[in-house]
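*Asks:* Following this line is model.tsv, made up of TSV, C-alpha atoms:
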```tsv
chain	number	residue	atom	x	y	z
P	1	MET	CA	102.66	112.76	322.93
P	2	ASN	CA	100.77	115.91	321.98
P	3	ALA	CA	100.67	118.78	324.44
P	4	HIS	CA	97.46	119.23	326.41
P	5	ALA	CA	96.10	122.51	327.77
P	6	PHE	CA	96.70	121.16	331.29
P	7	ASP	CA	100.44	121.08	330.55
P	8	ALA	CA	100.55	124.88	330.56
P	9	LEU	CA	99.42	125.19	334.19
P	10	THR	CA	102.29	126.29	336.42
P	11	ALA	CA	102.97	125.84	340.11
P	12	ASP	CA	102.70	129.60	340.65
P	13	HIS	CA	99.28	129.60	338.96
P	14	LEU	CA	98.10	126.69	341.11
P	15	ARG	CA	99.32	128.31	344.32
P	16	GLY	CA	97.57	131.50	343.27
P	17	ASN	CA	94.29	129.63	342.99
P	18	GLY	CA	94.46	129.17	346.75
P	19	SER	CA	93.63	125.46	347.02
P	20	LEU	CA	94.47	123.49	350.15
P	21	LYS	CA	96.65	121.19	348.06
P	22	TRP	CA	99.04	124.01	347.17
P	23	THR	CA	98.79	126.37	350.14
P	24	ALA	CA	99.16	123.97	353.08
P	25	PHE	CA	102.84	123.52	352.16
P	26	PRO	CA	103.49	126.62	350.03
P	27	ASP	CA	107.20	125.92	349.52
P	28	GLU	CA	106.66	122.37	348.27
P	29	ILE	CA	104.95	120.73	345.32
P	30	GLY	CA	101.47	119.69	346.41
P	31	ALA	CA	101.03	115.95	345.78
P	32	TRP	CA	99.19	114.92	348.93
P	33	VAL	CA	95.46	115.68	349.32
P	34	ALA	CA	93.06	114.06	346.82
P	35	GLU	CA	92.02	116.92	344.61
P	36	MET	CA	92.95	117.65	341.00
P	37	ASP	CA	94.82	120.64	339.63
P	38	PHE	CA	92.67	120.91	336.51
P	39	PRO	CA	90.08	123.63	335.81
P	40	VAL	CA	86.46	122.70	336.36
P	41	ALA	CA	84.44	121.35	333.43
P	42	PRO	CA	82.96	124.29	331.45
P	43	PRO	CA	79.31	123.13	331.79
P	44	ILE	CA	79.70	122.98	335.57
P	45	ALA	CA	81.35	126.39	335.68
P	46	ALA	CA	78.54	127.86	333.56
P	47	ALA	CA	75.85	126.35	335.78
P	48	LEU	CA	77.51	127.68	338.94
P	49	HIS	CA	77.90	131.17	337.46
P	50	ASP	CA	74.22	131.10	336.57
P	51	ALA	CA	73.36	129.97	340.11
P	52	VAL	CA	75.35	132.88	341.54
P	53	ASP	CA	73.63	135.32	339.20
P	54	ARG	CA	70.26	133.96	340.30
P	55	GLY	CA	71.22	134.03	343.99
P	56	MET	CA	70.75	130.29	344.58
P	57	PHE	CA	72.10	130.35	348.13
P	58	GLY	CA	69.02	129.16	350.00
P	59	TYR	CA	68.05	125.80	351.40
P	60	LEU	CA	68.22	122.81	349.08
P	61	PRO	CA	65.06	122.60	346.93
P	62	LYS	CA	63.40	119.23	346.39
P	63	TYR	CA	63.33	119.54	342.60
P	64	LEU	CA	67.11	119.88	342.52
P	65	VAL	CA	67.50	116.71	344.58
P	66	THR	CA	65.21	114.90	342.15
P	67	ASP	CA	67.17	116.20	339.15
P	68	MET	CA	70.47	115.13	340.69
P	69	ALA	CA	69.17	111.67	341.60
P	70	GLU	CA	67.81	111.10	338.09
P	71	ALA	CA	71.10	112.28	336.62
P	72	TYR	CA	73.11	109.85	338.74
P	73	ALA	CA	70.75	106.97	337.95
P	74	ALA	CA	71.16	107.62	334.22
P	75	PHE	CA	74.94	107.87	334.59
P	76	ALA	CA	75.07	104.60	336.57
P	77	ALA	CA	72.98	102.85	333.95
P	78	ASP	CA	75.18	104.08	331.09
P	79	ARG	CA	78.58	103.63	332.73
P	80	TYR	CA	78.05	100.64	335.02
P	81	SER	CA	74.90	98.93	333.67
P	82	TRP	CA	73.42	99.43	337.14
P	83	ALA	CA	69.68	100.03	337.30
P	84	VAL	CA	69.13	102.40	340.22
P	85	ASP	CA	65.79	103.78	341.38
P	86	PRO	CA	66.34	107.57	341.56
P	87	GLU	CA	64.16	107.70	344.68
P	88	ARG	CA	66.87	105.68	346.41
P	89	VAL	CA	69.66	108.11	345.54
P	90	ARG	CA	69.84	110.49	348.49
P	91	PRO	CA	72.06	113.56	348.96
P	92	VAL	CA	74.51	113.93	351.82
P	93	SER	CA	77.37	116.34	352.34
P	94	ASP	CA	80.22	113.90	351.65
P	95	VAL	CA	81.24	110.26	351.75
P	96	LEU	CA	82.55	110.51	355.30
P	97	THR	CA	79.11	111.63	356.45
P	98	ALA	CA	77.69	108.64	354.59
P	99	LEU	CA	80.12	106.39	356.48
P	100	GLU	CA	79.05	107.84	359.80
P	101	LEU	CA	75.41	107.21	358.91
P	102	ALA	CA	76.20	103.66	357.85
P	103	ILE	CA	77.86	103.05	361.20
P	104	THR	CA	75.25	104.69	363.42
P	105	LEU	CA	72.07	103.74	361.58
P	106	PHE	CA	72.83	100.51	359.75
P	107	SER	CA	75.42	98.52	361.70
P	108	ARG	CA	75.01	96.54	364.91
P	109	PRO	CA	75.28	98.92	367.90
P	110	GLY	CA	78.73	98.96	369.43
P	111	SER	CA	80.25	96.61	366.86
P	112	PRO	CA	83.75	97.20	365.47
P	113	VAL	CA	84.22	98.43	361.92
P	114	ILE	CA	86.18	96.11	359.62
P	115	LEU	CA	88.69	97.98	357.50
P	116	PRO	CA	90.98	96.42	354.88
P	117	THR	CA	94.28	98.29	354.84
P	118	PRO	CA	96.00	100.29	353.45
P	119	ALA	CA	92.94	102.53	353.64
P	120	TYR	CA	91.80	106.11	353.15
P	121	MET	CA	93.08	107.85	356.24
P	122	PRO	CA	89.81	109.11	357.83
P	123	PHE	CA	88.33	105.60	357.63
P	124	LEU	CA	90.78	104.72	360.40
P	125	THR	CA	89.81	107.61	362.65
P	126	ARG	CA	86.12	108.44	362.10
P	127	PRO	CA	84.77	105.24	363.68
P	128	HIS	CA	86.65	106.01	366.89
P	129	GLY	CA	84.82	109.32	367.15
P	130	LEU	CA	81.59	107.35	367.12
P	131	GLY	CA	82.74	105.04	369.89
P	132	ARG	CA	83.61	102.17	367.54
P	133	LYS	CA	86.80	100.18	367.34
P	134	VAL	CA	88.44	99.47	364.00
P	135	ILE	CA	89.65	96.00	363.08
P	136	GLN	CA	92.41	96.46	360.52
P	137	VAL	CA	92.62	93.64	357.97
P	138	PRO	CA	95.87	93.98	355.98
P	139	MET	CA	95.40	93.14	352.31
P	140	LEU	CA	97.55	90.54	350.58
P	141	ARG	CA	100.21	91.84	348.20
P	142	ASP	CA	101.91	89.74	345.54
P	143	ALA	CA	105.43	90.08	344.12
P	144	ASP	CA	104.18	92.50	341.45
P	145	GLY	CA	102.62	94.79	344.03
P	146	ARG	CA	99.00	93.87	343.30
P	147	TYR	CA	96.74	93.82	346.33
P	148	THR	CA	93.86	91.43	347.02
P	149	TYR	CA	91.52	90.91	349.95
P	150	ASP	CA	92.51	88.37	352.60
P	151	LEU	CA	89.27	86.37	352.86
P	152	ASP	CA	90.39	84.32	355.85
P	153	ALA	CA	91.33	87.48	357.75
P	154	LEU	CA	87.99	89.06	356.83
P	155	ASP	CA	86.21	85.99	358.15
P	156	ALA	CA	88.19	86.24	361.39
P	157	ALA	CA	87.29	89.93	361.73
P	158	PHE	CA	83.59	89.13	361.49
P	159	ARG	CA	84.00	86.30	364.00
P	160	ALA	CA	85.70	88.80	366.32
P	161	GLY	CA	82.52	90.86	366.39
P	162	GLY	CA	82.85	93.13	363.39
P	163	ASN	CA	79.63	93.87	361.54
P	164	LEU	CA	80.26	96.61	358.94
P	165	LEU	CA	82.92	96.09	356.27
P	166	VAL	CA	84.29	99.19	354.54
P	167	LEU	CA	84.83	98.32	350.88
P	168	CYS	CA	86.68	100.95	348.84
P	169	ASN	CA	86.41	100.43	345.08
P	170	PRO	CA	88.24	101.86	343.19
P	171	HIS	CA	90.59	101.74	346.13
P	172	ASN	CA	92.23	104.71	347.80
P	173	PRO	CA	95.26	104.60	348.16
P	174	ILE	CA	96.30	101.49	346.22
P	175	GLY	CA	94.33	102.05	342.99
P	176	ARG	CA	92.78	98.59	342.69
P	177	VAL	CA	89.54	98.16	340.73
P	178	LEU	CA	87.90	95.02	342.06
P	179	GLU	CA	86.74	92.33	339.67
P	180	PRO	CA	83.28	90.76	340.05
P	181	ASP	CA	84.65	87.38	341.14
P	182	GLU	CA	86.68	89.06	343.89
P	183	MET	CA	83.64	90.91	345.16
P	184	LEU	CA	81.46	87.79	345.06
P	185	ALA	CA	84.02	86.00	347.22
P	186	ILE	CA	83.94	88.91	349.68
P	187	ALA	CA	80.14	88.85	349.62
P	188	GLU	CA	80.10	85.19	350.63
P	189	VAL	CA	82.07	86.05	353.77
P	190	VAL	CA	79.81	89.00	354.58
P	191	ASP	CA	76.64	87.00	354.03
P	192	ARG	CA	77.91	84.11	356.14
P	193	HIS	CA	78.11	86.45	359.10
P	194	ARG	CA	75.01	88.50	358.24
P	195	GLY	CA	77.26	91.51	357.97
P	196	ARG	CA	76.87	94.84	356.21
P	197	VAL	CA	79.01	96.60	353.61
P	198	PHE	CA	79.70	100.29	353.20
P	199	SER	CA	80.90	100.56	349.58
P	200	ASP	CA	82.87	103.74	348.92
P	201	GLU	CA	82.73	104.21	345.14
P	202	ILE	CA	83.64	107.88	344.96
P	203	HIS	CA	86.43	107.20	342.44
P	204	ALA	CA	84.23	105.00	340.23
P	205	PRO	CA	84.33	107.26	337.13
P	206	LEU	CA	88.15	107.25	337.20
P	207	VAL	CA	89.01	103.83	335.76
P	208	TYR	CA	91.71	103.10	333.19
P	209	PRO	CA	91.79	100.81	330.13
P	210	GLY	CA	91.85	97.16	331.09
P	211	SER	CA	89.59	97.61	334.09
P	212	ARG	CA	85.88	98.26	334.54
P	213	HIS	CA	84.01	99.50	337.56
P	214	VAL	CA	81.20	97.21	338.70
P	215	PRO	CA	79.19	98.50	341.67
P	216	TYR	CA	79.30	95.99	344.51
P	217	ALA	CA	75.56	96.31	345.16
P	218	SER	CA	74.80	95.54	341.52
P	219	LEU	CA	76.22	92.00	341.63
P	220	ASN	CA	73.13	90.16	342.93
P	221	GLU	CA	70.27	90.33	345.42
P	222	THR	CA	72.55	89.37	348.28
P	223	THR	CA	74.98	92.24	347.78
P	224	ALA	CA	72.12	94.67	347.14
P	225	GLY	CA	70.55	93.57	350.41
P	226	HIS	CA	73.55	94.19	352.67
P	227	THR	CA	75.14	97.25	351.01
P	228	LEU	CA	75.03	101.00	351.37
P	229	THR	CA	76.81	102.63	348.43
P	230	ALA	CA	78.39	106.06	348.67
P	231	THR	CA	79.59	108.05	345.68
P	232	SER	CA	79.92	111.60	344.38
P	233	ALA	CA	81.06	113.67	341.43
P	234	SER	CA	83.55	115.36	343.75
P	235	LYS	CA	86.68	113.37	342.84
P	236	ALA	CA	86.11	112.74	339.14
P	237	TRP	CA	85.05	116.33	338.42
P	238	ASN	CA	87.14	118.00	341.15
P	239	LEU	CA	84.29	119.43	343.24
P	240	PRO	CA	85.12	118.45	346.85
P	241	GLY	CA	84.60	121.93	348.27
P	242	LEU	CA	80.97	122.04	347.09
P	243	LYS	CA	79.89	119.41	349.65
P	244	CYS	CA	77.62	116.95	347.89
P	245	ALA	CA	77.67	113.17	347.72
P	246	GLN	CA	75.11	110.45	347.10
P	247	ILE	CA	74.16	107.50	349.26
P	248	VAL	CA	72.42	104.78	347.24
P	249	LEU	CA	70.00	102.57	349.17
P	250	SER	CA	69.59	99.16	347.55
P	251	ASP	CA	67.65	97.37	350.30
P	252	ASP	CA	63.95	97.92	351.11
P	253	ALA	CA	64.54	97.83	354.86
P	254	ASP	CA	67.29	100.44	354.57
P	255	VAL	CA	64.94	102.74	352.67
P	256	LYS	CA	62.47	102.52	355.54
P	257	VAL	CA	65.16	103.33	358.11
P	258	TRP	CA	66.41	106.23	356.00
P	259	ASN	CA	62.94	107.71	355.65
P	260	GLU	CA	62.41	107.46	359.40
P	261	VAL	CA	65.75	108.69	360.79
P	262	GLY	CA	68.18	109.41	357.97
P	263	LYS	CA	66.56	112.15	355.94
P	264	ASN	CA	67.78	114.92	358.24
P	265	ALA	CA	71.27	114.31	356.87
P	266	GLU	CA	70.15	115.37	353.41
P	267	GLY	CA	70.18	119.01	354.49
P	268	GLY	CA	73.96	118.84	354.78
P	269	ALA	CA	74.36	118.79	351.01
P	270	SER	CA	74.78	122.28	349.58
P	271	THR	CA	72.54	123.71	346.89
P	272	PRO	CA	75.48	124.58	344.58
P	273	GLY	CA	76.97	121.14	345.23
P	274	VAL	CA	73.82	119.26	344.25
P	275	LEU	CA	73.53	121.42	341.14
P	276	ALA	CA	77.17	120.79	340.19
P	277	ASN	CA	76.78	117.03	340.68
P	278	ARG	CA	73.71	116.99	338.46
P	279	VAL	CA	75.52	118.86	335.69
P	280	ALA	CA	78.59	116.64	336.03
P	281	TYR	CA	76.56	113.49	335.46
P	282	THR	CA	74.59	114.92	332.56
P	283	GLU	CA	76.89	117.36	330.77
P	284	GLY	CA	80.39	116.60	332.04
P	285	ARG	CA	81.07	113.26	330.41
P	286	ASP	CA	83.26	114.52	327.56
P	287	TRP	CA	85.38	116.47	330.01
P	288	LEU	CA	85.65	113.38	332.22
P	289	ASP	CA	86.78	111.16	329.36
P	290	ASP	CA	89.48	113.67	328.43
P	291	VAL	CA	90.68	113.87	332.04
P	292	VAL	CA	90.81	110.08	332.44
P	293	THR	CA	92.94	109.86	329.28
P	294	TYR	CA	95.28	112.53	330.62
P	295	LEU	CA	95.50	110.87	334.03
P	296	HIS	CA	96.24	107.52	332.44
P	297	GLY	CA	99.17	109.17	330.69
P	298	ASN	CA	100.35	110.53	334.02
P	299	VAL	CA	100.26	107.25	335.95
P	300	THR	CA	101.98	105.53	333.02
P	301	ARG	CA	104.67	108.21	332.97
P	302	ILE	CA	105.38	107.70	336.68
P	303	GLY	CA	106.17	104.07	335.97
P	304	GLU	CA	108.62	105.08	333.25
P	305	LEU	CA	110.36	107.55	335.53
P	306	LEU	CA	110.59	105.15	338.50
P	307	ASP	CA	111.77	102.13	336.55
P	308	GLY	CA	114.99	100.78	338.05
P	309	THR	CA	115.14	103.37	340.85
P	310	GLY	CA	114.46	101.18	343.88
P	311	ILE	CA	111.00	102.65	344.44
P	312	GLY	CA	108.37	99.99	343.91
P	313	TYR	CA	105.44	101.01	341.75
P	314	ARG	CA	102.40	99.41	340.17
P	315	ALA	CA	100.25	101.73	338.08
P	316	PRO	CA	96.75	102.12	339.53
P	317	GLU	CA	93.81	100.51	337.76
P	318	GLY	CA	91.66	103.45	338.85
P	319	THR	CA	91.83	106.73	340.83
P	320	TYR	CA	94.53	109.35	340.35
P	321	LEU	CA	96.36	108.21	343.48
P	322	THR	CA	99.61	106.28	343.22
P	323	TRP	CA	101.22	104.13	345.89
P	324	LEU	CA	105.00	104.14	346.08
P	325	ASP	CA	106.86	101.38	347.90
P	326	CYS	CA	109.87	102.98	349.55
P	327	ARG	CA	110.70	100.13	351.91
P	328	GLY	CA	113.80	99.20	349.90
P	329	LEU	CA	115.33	102.64	350.19
P	330	ASP	CA	118.06	103.32	352.69
P	331	LEU	CA	116.41	106.34	354.28
P	332	PRO	CA	117.20	107.74	357.71
P	333	GLY	CA	114.59	107.53	360.43
P	334	GLU	CA	111.63	105.23	360.83
P	335	PRO	CA	109.46	103.92	357.95
P	336	ALA	CA	106.68	106.19	359.20
P	337	ASP	CA	108.86	109.19	358.30
P	338	VAL	CA	109.13	108.58	354.53
P	339	ALA	CA	106.87	111.45	353.52
P	340	ASP	CA	108.65	113.75	355.97
P	341	TYR	CA	111.95	112.86	354.31
P	342	PHE	CA	110.66	113.81	350.88
P	343	ARG	CA	109.20	117.07	352.17
P	344	LYS	CA	112.54	118.08	353.65
P	345	HIS	CA	114.88	116.74	350.99
P	346	ALA	CA	112.81	116.76	347.78
P	347	GLY	CA	110.41	119.65	348.35
P	348	VAL	CA	107.40	117.42	347.66
P	349	ALA	CA	104.41	117.08	349.99
P	350	LEU	CA	103.12	113.49	349.97
P	351	THR	CA	100.90	111.40	352.25
P	352	ASN	CA	102.67	109.09	354.68
P	353	GLY	CA	101.58	105.52	354.09
P	354	GLY	CA	101.48	104.85	357.81
P	355	LEU	CA	98.45	107.12	358.05
P	356	CYS	CA	96.67	104.52	355.89
P	357	GLY	CA	97.10	101.80	358.50
P	358	GLU	CA	99.81	99.51	359.76
P	359	ALA	CA	100.11	97.92	356.31
P	360	GLY	CA	101.15	101.28	354.85
P	361	HIS	CA	104.40	101.83	356.73
P	362	GLY	CA	107.25	102.43	354.31
P	363	PHE	CA	104.94	103.62	351.51
P	364	VAL	CA	103.84	107.07	350.37
P	365	ARG	CA	100.77	108.16	348.42
P	366	LEU	CA	101.41	110.51	345.50
P	367	ASN	CA	98.54	112.35	343.83
P	368	ALA	CA	99.13	112.20	340.07
P	369	ALA	CA	96.33	114.63	339.13
P	370	MET	CA	98.65	117.46	338.16
P	371	PRO	CA	100.05	118.95	334.95
P	372	ARG	CA	102.49	116.49	333.41
P	373	PRO	CA	105.50	118.84	333.45
P	374	ILE	CA	104.95	119.35	337.20
P	375	LEU	CA	104.51	115.61	337.65
P	376	GLU	CA	107.84	114.98	335.95
P	377	GLN	CA	109.43	117.66	338.12
P	378	THR	CA	107.90	116.04	341.21
P	379	VAL	CA	109.32	112.60	340.46
P	380	GLY	CA	112.60	114.15	339.41
P	381	GLN	CA	112.98	115.95	342.75
P	382	ILE	CA	112.14	112.75	344.63
P	383	LEU	CA	114.79	110.83	342.71
P	384	ALA	CA	117.33	113.64	343.07
P	385	SER	CA	116.91	113.48	346.84
P	386	LEU	CA	117.95	109.80	346.59
P	387	ASP	CA	120.79	110.47	344.12
P	388	CYS	CA	119.02	108.22	341.60
```
Now, as a test, write the supplied structure out as structure tokens.
*Replies:*
Amino acid sequence: MNAHAFDALTADHLRGNGSLKWTAFPDEIGAWVAEMDFPVAPPIAAALHDAVDRGMFGYLPKYLVTDMAEAYAAFAADRYSWAVDPERVRPVSDVLTALELAITLFSRPGSPVILPTPAYMPFLTRPHGLGRKVIQVPMLRDADGRYTYDLDALDAAFRAGGNLLVLCNPHNPIGRVLEPDEMLAIAEVVDRHRGRVFSDEIHAPLVYPGSRHVPYASLNETTAGHTLTATSASKAWNLPGLKCAQIVLSDDADVKVWNEVGKNAEGGASTPGVLANRVAYTEGRDWLDDVVTYLHGNVTRIGELLDGTGIGYRAPEGTYLTWLDCRGLDLPGEPADVADYFRKHAGVALTNGGLCGEAGHGFVRLNAAMPRPILEQTVGQILASLDC
């Protein structure tokens, strides 16, 4: 395998950049929070330098919102064959803000949020801050480690009073990319109960060979009518600190509600962030394709390194997040302490699977978006701590 420029990045260099990923645990390898170690795409860097030179630090101008929305609509059409009206692509600060808006503005007041687990950690906690309960619906997992939605359990969650289903696709932390037939089966359950769907598609550009991202709202009129889609360039182009995401409104009634009470949230998106998202969608595609190829090599390499070690692993179909099954290891302490064990004994900072819901106990999430030599060192230190 030919060397890539990313391979030359060192841990000292990454710590020197000052990112949260590498400074929160400065004595360990940072493999926890979902950001990449790779330099920003050159067109985005050039646009941001130009914005600084021009002093673009004021309030978000309308023309920039329009440009960003048109850029995303064109990207969605090209990548996903999804025809999106740019007027219905609205800026918000991040996907979690979009979730809060979906809960407060578009779900039945007081109703619990339905969350398939394992799940992105804040999806378990944010609803509580809004006075909502969370109904955890553990996903089914086959002998090969592939997860699917439990339709009967979803149905029961709606019957128990849930109204908004959080659908994460591609899925953080398990890396599934849902197939259309799977989503249509989910949609039948949602429609039966007149429910709503919040579709988190922030990792949509990060899909590997053999899988294809299909937006849930694009499936048919039914899914378009009950879905709020949230996405962003922040994960695929490594821009989370710039605070910009998109909420895509695919239902006429939702557009009316947004125009009446939701537009105030648009001011939370930053001017540099909206600019960077626009450039990512229009000029960052070559960089993205190169990164996806590199990441695919990384997640494949993890499988090679873990083969026969006792750590269960199924390569993700999308995202740069990997999900390691450590339940078969003879580790001291409780299953909830797996990531703590690896911090202390391997010098690697991971995410405890238990933070992803009850279904995540005994697992850890490892972020594979790092230079391959560091990735190999990371897995090597984990295995050394187990005497593998």
*Asks:* If we count only C-alpha atoms, what is near Phe106 in chain P at a cut-off of 9 Å, once residues fewer than 6 positions away on the same chain are taken out, given as a VMD selection string?
*Replies:* chain P and resid 164 196 228 254 257
*Asks:* Please determine, counting all atoms listed in the file, which residue among P:Pro39, P:Gly357, P:Gly312, P:Gly347 has the shortest atom-to-atom distance to Ala143 in chain P.
*Replies:*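 Selected residue with least distance to Ala143 in chain P: P:Gly312.
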*Asks:* Counting only C-alpha atoms, which residue out of P:Ala280, P:Ala230, P:Val52, P:Val137 sits closest to Val92 in chain P?
*Replies:* P:Ala230
*Asks:* Could you please determine the separation between CA of Ile302 in chain P and CA of Arg285 in chain P in Å, to one decimal place?
*Replies:*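 A separation of 25.7 Å between them.
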*Asks:* So that I can see what lies close to Val279 in chain P, please list as a PDB file with C-alpha atoms, in the coordinates of the input the residues with an atom at most 12 Å from it, counting only C-alpha atoms and leaving out residues fewer than 5 positions away in the same chain.
*Replies:*
```pdb
ATOM      1  CA  VAL P  40      86.460 122.700 336.360  1.00  0.00           C
ATOM      2  CA  ALA P  41      84.440 121.350 333.430  1.00  0.00           C
ATOM      3  CA  PRO P  42      82.960 124.290 331.450  1.00  0.00           C
ATOM      4  CA  PRO P  43      79.310 123.130 331.790  1.00  0.00           C
ATOM      5  CA  ILE P  44      79.700 122.980 335.570  1.00  0.00           C
ATOM      6  CA  ALA P  45      81.350 126.390 335.680  1.00  0.00           C
ATOM      7  CA  ALA P  46      78.540 127.860 333.560  1.00  0.00           C
ATOM      8  CA  ALA P  47      75.850 126.350 335.780  1.00  0.00           C
ATOM      9  CA  LEU P  48      77.510 127.680 338.940  1.00  0.00           C
ATOM     10  CA  LEU P  64      67.110 119.880 342.520  1.00  0.00           C
ATOM     11  CA  ASP P  67      67.170 116.200 339.150  1.00  0.00           C
ATOM     12  CA  MET P  68      70.470 115.130 340.690  1.00  0.00           C
ATOM     13  CA  ALA P  69      69.170 111.670 341.600  1.00  0.00           C
ATOM     14  CA  GLU P  70      67.810 111.100 338.090  1.00  0.00           C
ATOM     15  CA  ALA P  71      71.100 112.280 336.620  1.00  0.00           C
ATOM     16  CA  TYR P  72      73.110 109.850 338.740  1.00  0.00           C
ATOM     17  CA  PHE P  75      74.940 107.870 334.590  1.00  0.00           C
ATOM     18  CA  ALA P 233      81.060 113.670 341.430  1.00  0.00           C
ATOM     19  CA  SER P 234      83.550 115.360 343.750  1.00  0.00           C
ATOM     20  CA  TRP P 237      85.050 116.330 338.420  1.00  0.00           C
ATOM     21  CA  LEU P 239      84.290 119.430 343.240  1.00  0.00           C
ATOM     22  CA  PRO P 272      75.480 124.580 344.580  1.00  0.00           C
ATOM     23  CA  GLY P 273      76.970 121.140 345.230  1.00  0.00           C
ATOM     24  CA  VAL P 274      73.820 119.260 344.250  1.00  0.00           C
ATOM     25  CA  GLY P 284      80.390 116.600 332.040  1.00  0.00           C
ATOM     26  CA  ARG P 285      81.070 113.260 330.410  1.00  0.00           C
ATOM     27  CA  TRP P 287      85.380 116.470 330.010  1.00  0.00           C
TER      28      TRP P 287
END
```
*Asks:* Would you pick out the contacts of Glu179 in chain P at 12 Å or less, using all atoms listed in the file, so that residues sharing its chain but fewer than 4 positions from it are not included, and give the list as a PyMOL selection string?
*Replies:* chain P and resi 148-149+169-170+183-186+210-216+219+317
*Asks:* Show me, as a list in words, the residues that have an atom within 10 Å of Lys344 in chain P when counting only C-alpha atoms, minus same-chain residues fewer than 4 positions from it.
*Replies:*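 Near Lys344 in chain P, the qualifying residues are Glu28, Ala339, Asp340, Val348, Ala349 and Ser385 of chain P.
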